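*Asks:* The following file, entry23.cif, comprises mmCIF, C-alpha atoms:
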```
data_coords
loop_
_atom_site.label_atom_id
_atom_site.label_comp_id
_atom_site.auth_asym_id
_atom_site.auth_seq_id
_atom_site.Cartn_x
_atom_site.Cartn_y
_atom_site.Cartn_z
CA MET L 1 112.24 118.82 72.29
CA ILE L 2 113.90 121.25 74.69
CA GLY L 3 115.08 124.28 72.77
CA LEU L 4 114.19 127.85 71.89
CA LYS L 5 110.71 128.69 73.06
CA PRO L 6 108.46 131.52 71.89
CA PRO L 7 107.23 133.78 74.71
CA PRO L 8 104.02 132.63 76.38
CA ALA L 9 100.78 134.53 76.46
CA LEU L 10 100.69 136.34 79.81
CA LEU L 11 98.06 137.73 82.17
CA GLN L 12 98.93 139.28 85.53
CA THR L 13 96.52 139.69 88.45
CA PRO L 14 98.46 141.92 90.88
CA GLY L 15 97.96 141.14 94.55
CA PHE L 16 96.40 137.73 93.95
CA ALA L 17 98.46 134.56 93.87
CA HIS L 18 97.05 131.82 91.71
CA TYR L 19 96.08 128.40 92.98
CA SER L 20 94.31 126.66 90.13
CA LEU L 21 93.05 127.02 86.57
CA ALA L 22 90.47 125.24 84.44
CA TRP L 23 89.79 125.40 80.70
CA SER L 24 86.14 125.60 79.71
CA PRO L 25 84.71 122.40 78.23
CA PHE L 26 82.43 124.57 76.05
CA HIS L 27 84.63 127.45 74.82
CA ASN L 28 88.14 126.82 73.55
CA THR L 29 89.42 130.28 74.56
CA ARG L 30 87.98 130.57 78.08
CA ILE L 31 89.85 129.85 81.34
CA ALA L 32 88.69 130.12 84.95
CA LEU L 33 91.37 131.07 87.46
CA ALA L 34 91.17 130.65 91.27
CA SER L 35 93.37 132.99 93.31
CA SER L 36 94.02 134.26 96.82
CA ALA L 37 95.42 137.39 98.41
CA ASN L 38 98.59 137.04 100.50
CA PHE L 39 99.40 133.64 98.95
CA GLY L 40 96.24 132.15 100.46
CA LEU L 41 97.44 132.51 104.04
CA VAL L 42 94.97 135.21 105.04
CA GLY L 43 92.55 137.50 103.22
CA ASN L 44 90.09 137.32 100.37
CA GLY L 45 90.02 135.49 97.07
CA ARG L 46 89.07 136.06 93.46
CA LEU L 47 87.62 134.03 90.66
CA HIS L 48 88.92 135.40 87.35
CA ILE L 49 87.28 134.63 84.02
CA VAL L 50 89.92 134.90 81.30
CA SER L 51 89.56 134.85 77.53
CA MET L 52 92.25 134.24 74.94
CA GLY L 53 92.29 136.47 71.89
CA PRO L 54 94.31 136.74 68.67
CA PRO L 55 97.97 137.82 68.79
CA GLN L 56 98.73 141.53 68.72
CA ALA L 57 101.47 140.92 66.17
CA PRO L 58 101.88 138.22 63.53
CA GLY L 59 103.65 135.22 64.99
CA GLY L 60 103.31 136.55 68.54
CA PRO L 61 101.58 134.93 71.49
CA PRO L 62 97.80 135.19 71.86
CA THR L 63 96.43 137.93 74.09
CA LEU L 64 94.88 137.10 77.46
CA ASN L 65 92.14 139.32 78.89
CA CYS L 66 90.43 139.23 82.27
CA ASP L 67 86.78 139.60 81.26
CA LYS L 68 85.38 139.56 84.79
CA TYR L 69 86.26 138.68 88.34
CA PHE L 70 84.28 137.78 91.44
CA GLU L 71 85.42 138.62 94.98
CA THR L 72 85.23 136.07 97.79
CA GLN L 73 85.70 136.51 101.54
CA ASP L 74 88.35 133.82 101.76
CA GLY L 75 91.02 132.53 99.41
CA LEU L 76 90.08 130.24 96.52
CA TYR L 77 92.04 127.00 96.09
CA ASP L 78 90.38 125.30 93.14
CA VAL L 79 87.85 125.79 90.35
CA ALA L 80 85.91 123.51 87.98
CA TRP L 81 83.55 124.25 85.11
CA SER L 82 80.07 122.76 85.00
CA GLU L 83 79.68 120.02 82.42
CA VAL L 84 76.04 121.05 81.89
CA HIS L 85 75.89 124.87 81.90
CA GLU L 86 78.50 126.69 79.84
CA ASN L 87 78.47 129.75 82.12
CA GLN L 88 78.68 128.04 85.52
CA VAL L 89 81.76 127.27 87.62
CA VAL L 90 82.21 125.87 91.10
CA THR L 91 84.94 127.07 93.50
CA ALA L 92 86.67 125.63 96.59
CA SER L 93 87.40 128.06 99.41
CA GLY L 94 89.64 128.32 102.44
CA ASP L 95 86.66 128.93 104.73
CA GLY L 96 85.26 125.45 103.99
CA SER L 97 82.62 126.72 101.59
CA ILE L 98 81.81 125.68 98.03
CA ARG L 99 80.18 128.18 95.69
CA LEU L 100 78.53 127.93 92.29
CA TRP L 101 78.83 130.98 90.05
CA ASP L 102 77.08 132.07 86.87
CA ILE L 103 79.60 134.20 85.02
CA ILE L 104 76.86 136.09 83.16
CA LEU L 105 75.61 137.50 86.47
CA ASN L 106 77.46 139.97 88.67
CA ASN L 107 78.82 139.99 92.19
CA PHE L 108 77.30 137.00 93.97
CA ALA L 109 77.34 133.22 93.75
CA ILE L 110 74.06 131.55 92.81
CA CYS L 111 74.56 128.70 95.35
CA ALA L 112 76.71 128.11 98.41
CA TRP L 113 77.29 125.06 100.57
CA GLN L 114 79.02 124.95 103.96
CA GLU L 115 79.61 121.39 105.17
CA HIS L 116 83.38 120.90 105.22
CA THR L 117 84.97 121.85 108.55
CA ARG L 118 88.37 122.80 107.08
CA GLU L 119 89.69 124.32 103.85
CA VAL L 120 88.24 122.87 100.64
CA PHE L 121 91.24 122.14 98.43
CA SER L 122 89.73 120.56 95.30
CA VAL L 123 86.57 120.43 93.24
CA ASP L 124 86.00 118.17 90.23
CA TRP L 125 82.98 117.98 87.93
CA SER L 126 82.20 114.53 86.55
CA ASN L 127 82.41 114.44 82.76
CA ILE L 128 80.27 111.28 82.65
CA LYS L 129 77.61 111.91 85.29
CA LYS L 130 77.36 115.54 84.32
CA ASP L 131 74.98 116.63 87.10
CA THR L 132 77.50 115.69 89.81
CA PHE L 133 80.68 117.14 91.26
CA ALA L 134 83.05 116.20 94.08
CA SER L 135 84.97 118.19 96.68
CA SER L 136 87.86 117.29 98.98
CA SER L 137 89.01 119.00 102.13
CA TRP L 138 91.71 119.28 104.75
CA ASP L 139 89.11 117.70 107.07
CA GLY L 140 89.84 114.38 105.34
CA THR L 141 86.43 114.02 103.71
CA VAL L 142 85.27 113.88 100.13
CA LYS L 143 81.72 115.01 99.39
CA ILE L 144 79.61 114.32 96.33
CA TRP L 145 77.18 117.06 95.27
CA MET L 146 74.42 117.84 92.81
CA PRO L 147 73.96 121.57 92.15
CA ASP L 148 70.22 121.48 92.70
CA ARG L 149 70.44 119.78 96.11
CA PRO L 150 70.71 121.81 99.33
CA ARG L 151 73.30 119.47 100.83
CA SER L 152 75.79 116.82 99.74
CA ILE L 153 74.42 113.48 98.55
CA LEU L 154 77.33 111.40 99.91
CA THR L 155 80.25 111.88 102.29
CA LEU L 156 83.38 109.72 102.23
CA GLN L 157 85.78 109.75 105.17
CA ALA L 158 88.46 109.22 102.57
CA HIS L 159 91.50 109.83 104.77
CA HIS L 160 92.19 110.75 108.38
CA SER L 161 94.32 113.67 107.28
CA CYS L 162 94.19 116.31 104.57
CA THR L 163 92.66 115.07 101.31
CA TYR L 164 94.31 117.21 98.67
CA GLN L 165 92.37 116.05 95.62
CA ALA L 166 89.38 113.93 94.62
CA LEU L 167 88.79 113.10 90.95
CA PHE L 168 86.06 111.19 89.16
CA SER L 169 87.27 108.51 86.79
CA PRO L 170 86.89 109.59 83.14
CA HIS L 171 85.90 105.99 82.32
CA GLN L 172 83.46 104.91 85.06
CA PRO L 173 80.89 107.28 86.54
CA ASP L 174 80.90 105.94 90.12
CA VAL L 175 84.64 105.65 90.69
CA VAL L 176 86.57 108.36 92.56
CA ALA L 177 90.31 108.58 93.31
CA THR L 178 91.77 110.58 96.19
CA CYS L 179 95.23 111.53 97.47
CA SER L 180 96.36 112.69 100.87
CA THR L 181 98.93 113.82 103.37
CA ASP L 182 99.13 110.18 104.47
CA GLY L 183 101.01 109.17 101.29
CA THR L 184 98.23 107.00 99.87
CA VAL L 185 96.04 107.08 96.80
CA LYS L 186 92.61 105.57 97.33
CA ILE L 187 90.04 104.46 94.78
CA PHE L 188 86.40 104.37 95.88
CA ASP L 189 83.66 102.46 94.09
CA LEU L 190 80.45 104.29 94.97
CA ARG L 191 78.39 101.29 93.78
CA ALA L 192 79.94 98.91 96.33
CA PRO L 193 77.49 97.29 98.79
CA SER L 194 79.08 99.24 101.66
CA TYR L 195 77.63 102.40 100.13
CA ALA L 196 74.06 101.10 100.01
CA PRO L 197 71.75 103.76 101.46
CA THR L 198 70.97 101.81 104.63
CA THR L 199 72.61 104.41 106.85
CA ASN L 200 72.71 108.17 106.83
CA ALA L 201 75.89 108.95 104.91
CA PHE L 202 75.60 112.58 105.96
CA THR L 203 76.14 111.84 109.67
CA ASN L 204 77.92 108.48 109.24
CA PRO L 205 80.44 108.89 106.41
CA MET L 206 81.54 105.87 104.41
CA SER L 207 85.22 105.06 104.54
CA ALA L 208 85.92 101.71 102.83
CA ALA L 209 88.09 102.20 99.76
CA ALA L 210 88.06 99.60 96.99
CA LEU L 211 91.84 99.99 96.63
CA THR L 212 94.54 101.72 98.65
CA VAL L 213 97.84 102.43 96.89
CA PRO L 214 100.75 103.12 99.28
CA ALA L 215 102.23 105.53 96.77
CA SER L 216 104.73 107.64 98.69
CA GLY L 217 106.54 108.13 101.97
CA SER L 218 105.57 111.81 101.76
CA GLU L 219 102.43 113.81 101.09
CA ILE L 220 100.76 113.29 97.71
CA LEU L 221 99.62 116.68 96.48
CA SER L 222 98.06 115.75 93.14
CA ILE L 223 96.68 112.86 91.10
CA ASP L 224 95.22 112.47 87.64
CA TRP L 225 93.51 109.68 85.74
CA ASN L 226 94.91 108.80 82.34
CA LYS L 227 92.24 109.64 79.76
CA TYR L 228 93.01 106.62 77.55
CA ARG L 229 94.25 103.84 79.84
CA HIS L 230 91.75 102.56 82.40
CA PHE L 231 92.97 102.54 86.00
CA THR L 232 96.25 104.28 85.18
CA LEU L 233 96.98 107.26 87.41
CA ALA L 234 99.81 109.73 87.90
CA THR L 235 100.83 111.13 91.28
CA GLY L 236 102.85 114.18 92.29
CA SER L 237 104.44 114.30 95.75
CA VAL L 238 106.31 116.43 98.23
CA ASP L 239 109.34 114.16 97.69
CA LYS L 240 109.73 115.75 94.20
CA SER L 241 108.66 112.56 92.43
CA ILE L 242 106.10 111.90 89.72
CA LYS L 243 104.94 108.30 89.50
CA VAL L 244 102.67 106.44 87.09
CA TRP L 245 100.52 103.72 88.65
CA ASP L 246 98.81 100.70 87.09
CA CYS L 247 95.79 99.83 89.24
CA ARG L 248 94.12 97.35 86.90
CA MET L 249 94.31 94.59 89.51
CA ILE L 250 91.43 96.26 91.36
CA LYS L 251 88.33 94.08 91.83
CA MET L 252 85.34 96.36 91.58
CA GLY L 253 82.66 95.71 94.19
CA GLU L 254 85.21 94.64 96.81
CA VAL L 255 86.73 96.85 99.51
CA ASN L 256 89.97 97.20 101.46
CA GLN L 257 92.25 95.89 98.70
CA VAL L 258 95.87 97.09 98.79
CA GLY L 259 97.96 97.25 95.63
CA GLY L 260 99.01 99.25 92.61
CA VAL L 261 102.08 98.73 90.44
CA CYS L 262 104.44 101.68 89.92
CA GLU L 263 105.07 101.62 86.16
CA MET L 264 107.63 104.40 86.19
CA GLN L 265 109.07 107.35 88.04
CA LEU L 266 109.79 110.68 86.36
CA PRO L 267 112.63 112.40 88.24
CA GLY L 268 113.69 115.96 87.52
CA HIS L 269 111.75 118.44 89.64
CA GLU L 270 113.83 120.06 92.36
CA TYR L 271 111.01 120.68 94.84
CA ALA L 272 107.54 119.33 95.59
CA VAL L 273 105.30 118.48 92.63
CA ARG L 274 102.07 120.38 93.16
CA LYS L 275 100.04 119.37 90.09
CA VAL L 276 99.99 116.59 87.48
CA GLN L 277 97.68 116.37 84.48
CA TRP L 278 97.56 113.90 81.60
CA SER L 279 97.09 115.24 78.09
CA PRO L 280 93.54 114.93 76.73
CA HIS L 281 95.04 114.22 73.29
CA HIS L 282 97.89 111.76 73.93
CA ALA L 283 97.86 108.72 76.21
CA ASP L 284 101.54 109.07 77.14
CA VAL L 285 102.00 112.83 77.62
CA LEU L 286 101.90 114.26 81.15
CA ALA L 287 102.29 117.83 82.44
CA SER L 288 103.47 118.77 85.92
CA ALA L 289 103.81 121.94 88.00
CA SER L 290 106.21 122.34 90.89
CA TYR L 291 107.43 124.55 93.69
CA ASP L 292 110.72 124.68 91.74
CA MET L 293 108.99 127.38 89.63
CA THR L 294 108.75 125.23 86.50
CA CYS L 295 106.05 123.49 84.54
CA ARG L 296 107.32 120.38 82.74
CA VAL L 297 106.01 118.01 80.08
CA TRP L 298 106.94 114.33 80.08
CA ASN L 299 106.76 111.37 77.73
CA ALA L 300 105.39 108.52 79.86
CA SER L 301 105.31 105.92 77.11
CA PRO L 302 106.49 102.51 78.35
CA ALA L 303 108.31 102.12 75.00
CA VAL L 304 110.65 105.07 75.57
CA THR L 305 114.16 104.13 76.69
CA GLY L 306 115.84 107.55 76.53
CA PRO L 307 115.10 110.83 78.34
CA ARG L 308 111.44 111.36 79.14
CA LEU L 309 111.53 115.12 79.72
CA MET L 310 110.02 116.82 76.67
CA TYR L 311 109.74 120.47 77.71
CA ILE L 312 110.53 122.86 80.56
CA HIS L 313 108.52 126.07 80.98
CA ASP L 314 110.42 128.33 83.38
CA PRO L 315 109.37 132.03 83.09
CA HIS L 316 107.53 131.95 86.46
CA THR L 317 109.25 133.57 89.44
CA GLU L 318 107.29 131.84 92.21
CA PHE L 319 105.80 128.43 93.02
CA VAL L 320 103.95 127.02 89.99
CA VAL L 321 100.82 125.47 91.50
CA GLY L 322 98.51 124.84 88.54
CA CYS L 323 98.71 123.59 84.98
CA GLY L 324 96.07 122.49 82.51
CA TRP L 325 95.87 121.31 78.92
CA SER L 326 93.52 122.99 76.46
CA LEU L 327 90.70 120.58 75.75
CA TYR L 328 90.41 121.76 72.14
CA GLU L 329 93.88 122.74 70.94
CA GLU L 330 96.42 119.97 70.97
CA GLY L 331 99.71 120.89 72.60
CA VAL L 332 98.46 124.09 74.27
CA LEU L 333 99.14 124.25 78.01
CA ALA L 334 98.37 126.87 80.67
CA SER L 335 100.26 127.37 83.91
CA CYS L 336 99.56 129.56 86.93
CA ALA L 337 101.70 130.48 89.90
CA TRP L 338 102.12 132.46 93.08
CA ASP L 339 103.74 135.21 91.00
CA SER L 340 100.18 136.22 89.96
CA ARG L 341 100.91 135.26 86.36
CA LEU L 342 98.88 133.05 84.07
CA ASN L 343 100.85 131.72 81.09
CA VAL L 344 99.51 129.98 77.98
CA PHE L 345 102.05 128.37 75.68
CA ARG L 346 102.41 125.73 73.01
CA ILE L 347 104.55 122.63 73.46
#
```
For this file, write the structure as structure tokens.
*Replies:*
Amino acid sequence: MIGLKPPPALLQTPGFAHYSLAWSPFHNTRIALASSANFGLVGNGRLHIVSMGPPQAPGGPPTLNCDKYFETQDGLYDVAWSEVHENQVVTASGDGSIRLWDIILNNFAICAWQEHTREVFSVDWSNIKKDTFASSSWDGTVKIWMPDRPRSILTLQAHHSCTYQALFSPHQPDVVATCSTDGTVKIFDLRAPSYAPTTNAFTNPMSAAALTVPASGSEILSIDWNKYRHFTLATGSVDKSIKVWDCRMIKMGEVNQVGGVCEMQLPGHEYAVRKVQWSPHHADVLASASYDMTCRVWNASPAVTGPRLMYIHDPHTEFVVGCGWSLYEEGVLASCAWDSRLNVFRI
């Protein structure tokens, strides 16, 4: 319901514009925040570790505290928590590097990898195959990693232009979805025969997608798998649209299929949609963040016939680039923006 809203919890990080946030899968009050100086155009980055505390006044918002931050030589574009070690996070950097941090230690990353040739724009830790994470880059590739290996274990030439995001399916451990400048969503089945280790995937990247979804005439900046409905994805695009896709027609084990049914569009944002994320608690609730300086919540139930917009969060004064649902507290959402502000609020 759109109406009076209590003020959000707020944390400011002056001089550092936010790019992404991630709630800890182990601690219900801990958030990792990836940020960059000068809006990520030039300069260094920071990884902030934020904790949420009790309200200062009865009925007020919770307090947000920056417990620690780590400096990086280039801007940070994304962050993901380890699914194995409660104190480890992985970051994606503008210099093409990926770093693993232990937040108990000080100053330096515990591992670093430098294989991507352009900016790394996303990292995602598998919540099924918990020793594995993925990265995507402006070089068009997606790489699969294990933290204890000195180099990637698989490279996908996912797109021939910038690959904005790569996400493991929450339902099947060897399925990865990607989105790109080229307006497509691709789903890769890493068990397909074309990925058999008969060639060196490090020097000869695999490229055959199981399914290509021609999802938009513009760049697709974000995707997310529905946590309850297999092969249902949401996309957010430069053309201001949010779309929900049914990809159940996919035949696993085959490659080069083209398809995907657009179940619905969610119009309302006034500029590009930078982030979409399905609720971990409700199959039909979706959050989005946009360059129109708002974060919005939508009802994507096929049964709804009336307005689908449930909530607008608009205190930010710059591009809202990240949003994320609390994994533990139903209805709690965080947003981060180029105004250097992290907000946590309840829907």
*Asks:* Got a sec: who's within 6 Å of Ala166 of chain L, counting all atoms listed in the file, leaving out chain neighbours fewer than 5 positions off, as JSON, numbers by chain?
*Replies:* {"L": [136, 177, 178]}
*Asks:* Once you have the residues from the selection above, write them out as a PDB file, keeping the file's coordinate frame, restricted to C-alpha atoms.
*Replies:*
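Below is the file that was written, selection-v3.pdb:
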```pdb
ATOM      1  CA  SER L 136      87.860 117.290  98.980  1.00  0.00           C
ATOM      2  CA  ALA L 177      90.310 108.580  93.310  1.00  0.00           C
ATOM      3  CA  THR L 178      91.770 110.580  96.190  1.00  0.00           C
TER       4      THR L 178
END
```
*Asks:* Care to translate the PyMOL selection byres ((chain L and resi 120) around 7) into actual residues of this file, as a list in words?
*Replies:* Ala92, Ser93, Gly94, Gly96, Ser97, His116, Arg118, Glu119, Phe121, Ser122, Ser135, Ser136, Ser137 and Trp138 of chain L
*Asks:* Please indicate the distance in Å from atom CA of Ala192 of chain L to atom CA of Cys179 of chain L, rounded to one decimal place.
*Replies:*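 That distance, rounded to one decimal, is 19.9 Å.
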*Asks:* On this file, the PyMOL selection byres ((chain L and resi 288) around 9) gives some set of residues; write that set as a list in words.
*Replies:*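 So the PyMOL selection byres ((chain L and resi 288) around 9), applied here, picks out Gly236, Ile242, Val273, Arg274, Lys275, Val276, Gln277, Trp278, Leu286, Ala287, Ala289, Ser290, Thr294, Cys295, Arg296, Val297, Trp298, Gly322, Cys323 and Gly324 of chain L.
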*Asks:* Give as number ranges by chain the residues that the PyMOL selection byres ((chain L and resi 243) around 9) matches when applied to the coordinates above.
*Replies:* L: 215, 233-237, 241-242, 244-245, 262-267
*Asks:* Residues within 9 Å of Ser82 of chain L, please, as a JSON list (two decimals) with C-alpha atoms, keeping the file's coordinate frame. Count all atoms listed in the file; anything in the same chain fewer than 3 positions from it doesn't count.
*Replies:*
```json
[["chain", "number", "residue", "atom", "x", "y", "z"],
["L", 24, "SER", "CA", 86.14, 125.60, 79.71],
["L", 25, "PRO", "CA", 84.71, 122.40, 78.23],
["L", 85, "HIS", "CA", 75.89, 124.87, 81.90],
["L", 86, "GLU", "CA", 78.50, 126.69, 79.84],
["L", 87, "ASN", "CA", 78.47, 129.75, 82.12],
["L", 88, "GLN", "CA", 78.68, 128.04, 85.52],
["L", 89, "VAL", "CA", 81.76, 127.27, 87.62],
["L", 90, "VAL", "CA", 82.21, 125.87, 91.10],
["L", 125, "TRP", "CA", 82.98, 117.98, 87.93],
["L", 126, "SER", "CA", 82.20, 114.53, 86.55],
["L", 127, "ASN", "CA", 82.41, 114.44, 82.76],
["L", 130, "LYS", "CA", 77.36, 115.54, 84.32],
["L", 131, "ASP", "CA", 74.98, 116.63, 87.10],
["L", 132, "THR", "CA", 77.50, 115.69, 89.81],
["L", 133, "PHE", "CA", 80.68, 117.14, 91.26]]
```
*Asks:* Go ahead and compute the interatomic distance for atom CA of Ala272 of chain L and atom CA of Val320 of chain L, in Å to one decimal.
*Replies:*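 According to the coordinates, atom CA of Ala272 of chain L and atom CA of Val320 of chain L are separated by 10.2 Å.
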*Asks:* Here is a test: counting all atoms listed in the file, which residue of L:Ser20, L:Thr72, L:Gln157, L:Thr141 is nearest to Phe108 of chain L?
*Replies:*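 Between L:Ser20, L:Thr72, L:Gln157, L:Thr141, the residue approaching Phe108 of chain L most closely is L:Thr72.
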*Asks:* In terms of the shortest atom-to-atom distance over only C-alpha atoms, which of L:Asn343, L:Thr212, L:Gln12, L:Ser36 is closest to Met249 of chain L?
*Replies:* L:Thr212
*Asks:* Between L:Ile223, L:Val285, L:Ala57, L:Val332, which has the minimum distance to Met310 of chain L (counting all atoms listed in the file)?
*Replies:*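 Smallest distance to Met310 of chain L is found for L:Val285.
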*Asks:* Would you mind telling me which residue in L:Pro62, L:Asn299, L:Met293, L:Gly53 lies nearest to Cys336 of chain L when using only C-alpha atoms?
*Replies:* L:Met293
*Asks:* Just how far from atom CA of Ser279 of chain L is atom CA of Ala9 of chain L, in Å to one decimal?
*Replies:*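 Here the two named atoms are 19.7 Å from each other.
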*Asks:* Which of these residues is nearest to Pro14 of chain L, using all atoms listed in the file: L:Lys143, L:Arg46, L:Arg30, L:Arg191?
*Replies:* L:Arg46
*Asks:* Nearest residue to Leu21 of chain L out of L:Tyr271, L:Phe39, L:Trp81, L:Phe70, using all atoms listed in the file?
*Replies:*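 Result for the nearest residue to Leu21 of chain L: L:Trp81.
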*Asks:* Counting all atoms listed in the file, what is within 7 Å of Tyr19 of chain L, bar same-chain residues fewer than 5 positions away, as a list in words?
*Replies:*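 That gives Ala34, Ser35, Tyr77, Asp78, Val321, Gly322 and Ala337 of chain L.
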*Asks:* Gly15 of chain L: which residues within 8 Å, counting all atoms listed in the file, same-chain residues fewer than 3 positions away excluded, as a VMD selection string?
*Replies:* chain L and resid 37 to 38 340
*Asks:* Skipping near chain neighbours, those fewer than 2 positions away, what residues fall within 10 Å of Pro170 of chain L using all atoms listed in the file, listed as a VMD selection string?
*Replies:* chain L and resid 126 to 129 167 to 168 172 to 176 224 to 231
*Asks:* Given the block above, output segment 4-23 of chain L with N, CA and C atoms as a PDB file, in the first residue's frame.
*Replies:*
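Everything below was put into selection.pdb:
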```pdb
ATOM      1  N   LEU L   4       1.768   6.795   3.997  1.00  0.00           N
ATOM      2  CA  LEU L   4       2.783   7.347   4.869  1.00  0.00           C
ATOM      3  C   LEU L   4       3.824   6.294   5.194  1.00  0.00           C
ATOM      4  N   LYS L   5       5.093   6.721   5.143  1.00  0.00           N
ATOM      5  CA  LYS L   5       6.176   5.783   5.355  1.00  0.00           C
ATOM      6  C   LYS L   5       7.061   6.279   6.486  1.00  0.00           C
ATOM      7  N   PRO L   6       7.410   5.424   7.432  1.00  0.00           N
ATOM      8  CA  PRO L   6       8.360   5.846   8.462  1.00  0.00           C
ATOM      9  C   PRO L   6       9.724   6.102   7.823  1.00  0.00           C
ATOM     10  N   PRO L   7      10.557   6.933   8.439  1.00  0.00           N
ATOM     11  CA  PRO L   7      11.871   7.211   7.849  1.00  0.00           C
ATOM     12  C   PRO L   7      12.717   5.945   7.832  1.00  0.00           C
ATOM     13  N   PRO L   8      13.565   5.801   6.812  1.00  0.00           N
ATOM     14  CA  PRO L   8      14.424   4.618   6.753  1.00  0.00           C
ATOM     15  C   PRO L   8      15.621   4.757   7.683  1.00  0.00           C
ATOM     16  N   ALA L   9      16.220   3.629   8.009  1.00  0.00           N
ATOM     17  CA  ALA L   9      17.544   3.666   8.622  1.00  0.00           C
ATOM     18  C   ALA L   9      18.521   4.170   7.570  1.00  0.00           C
ATOM     19  N   LEU L  10      19.499   4.957   7.994  1.00  0.00           N
ATOM     20  CA  LEU L  10      20.374   5.650   7.041  1.00  0.00           C
ATOM     21  C   LEU L  10      21.830   5.542   7.465  1.00  0.00           C
ATOM     22  N   LEU L  11      22.696   5.250   6.480  1.00  0.00           N
ATOM     23  CA  LEU L  11      24.144   5.340   6.678  1.00  0.00           C
ATOM     24  C   LEU L  11      24.722   6.083   5.484  1.00  0.00           C
ATOM     25  N   GLN L  12      25.555   7.090   5.760  1.00  0.00           N
ATOM     26  CA  GLN L  12      26.217   7.828   4.688  1.00  0.00           C
ATOM     27  C   GLN L  12      27.698   7.505   4.670  1.00  0.00           C
ATOM     28  N   THR L  13      28.257   7.403   3.458  1.00  0.00           N
ATOM     29  CA  THR L  13      29.694   7.154   3.279  1.00  0.00           C
ATOM     30  C   THR L  13      30.221   8.271   2.384  1.00  0.00           C
ATOM     31  N   PRO L  14      30.508   9.437   2.928  1.00  0.00           N
ATOM     32  CA  PRO L  14      30.855  10.604   2.114  1.00  0.00           C
ATOM     33  C   PRO L  14      32.021  10.334   1.162  1.00  0.00           C
ATOM     34  N   GLY L  15      31.848  10.784  -0.075  1.00  0.00           N
ATOM     35  CA  GLY L  15      32.908  10.636  -1.072  1.00  0.00           C
ATOM     36  C   GLY L  15      32.879   9.337  -1.835  1.00  0.00           C
ATOM     37  N   PHE L  16      32.019   8.406  -1.429  1.00  0.00           N
ATOM     38  CA  PHE L  16      31.979   7.105  -2.098  1.00  0.00           C
ATOM     39  C   PHE L  16      30.555   6.771  -2.520  1.00  0.00           C
ATOM     40  N   ALA L  17      30.354   6.724  -3.818  1.00  0.00           N
ATOM     41  CA  ALA L  17      29.041   6.384  -4.370  1.00  0.00           C
ATOM     42  C   ALA L  17      28.864   4.874  -4.341  1.00  0.00           C
ATOM     43  N   HIS L  18      27.682   4.449  -3.972  1.00  0.00           N
ATOM     44  CA  HIS L  18      27.437   3.010  -3.842  1.00  0.00           C
ATOM     45  C   HIS L  18      27.123   2.381  -5.189  1.00  0.00           C
ATOM     46  N   TYR L  19      27.489   1.118  -5.306  1.00  0.00           N
ATOM     47  CA  TYR L  19      27.177   0.347  -6.502  1.00  0.00           C
ATOM     48  C   TYR L  19      26.376  -0.912  -6.215  1.00  0.00           C
ATOM     49  N   SER L  20      26.570  -1.493  -5.047  1.00  0.00           N
ATOM     50  CA  SER L  20      25.896  -2.764  -4.779  1.00  0.00           C
ATOM     51  C   SER L  20      25.902  -3.033  -3.285  1.00  0.00           C
ATOM     52  N   LEU L  21      24.926  -3.838  -2.839  1.00  0.00           N
ATOM     53  CA  LEU L  21      24.884  -4.275  -1.448  1.00  0.00           C
ATOM     54  C   LEU L  21      24.521  -5.745  -1.392  1.00  0.00           C
ATOM     55  N   ALA L  22      24.875  -6.389  -0.293  1.00  0.00           N
ATOM     56  CA  ALA L  22      24.531  -7.796  -0.088  1.00  0.00           C
ATOM     57  C   ALA L  22      24.320  -8.050   1.394  1.00  0.00           C
ATOM     58  N   TRP L  23      23.190  -8.664   1.730  1.00  0.00           N
ATOM     59  CA  TRP L  23      22.923  -9.086   3.108  1.00  0.00           C
ATOM     60  C   TRP L  23      23.670 -10.385   3.392  1.00  0.00           C
TER      61      TRP L  23
END
```
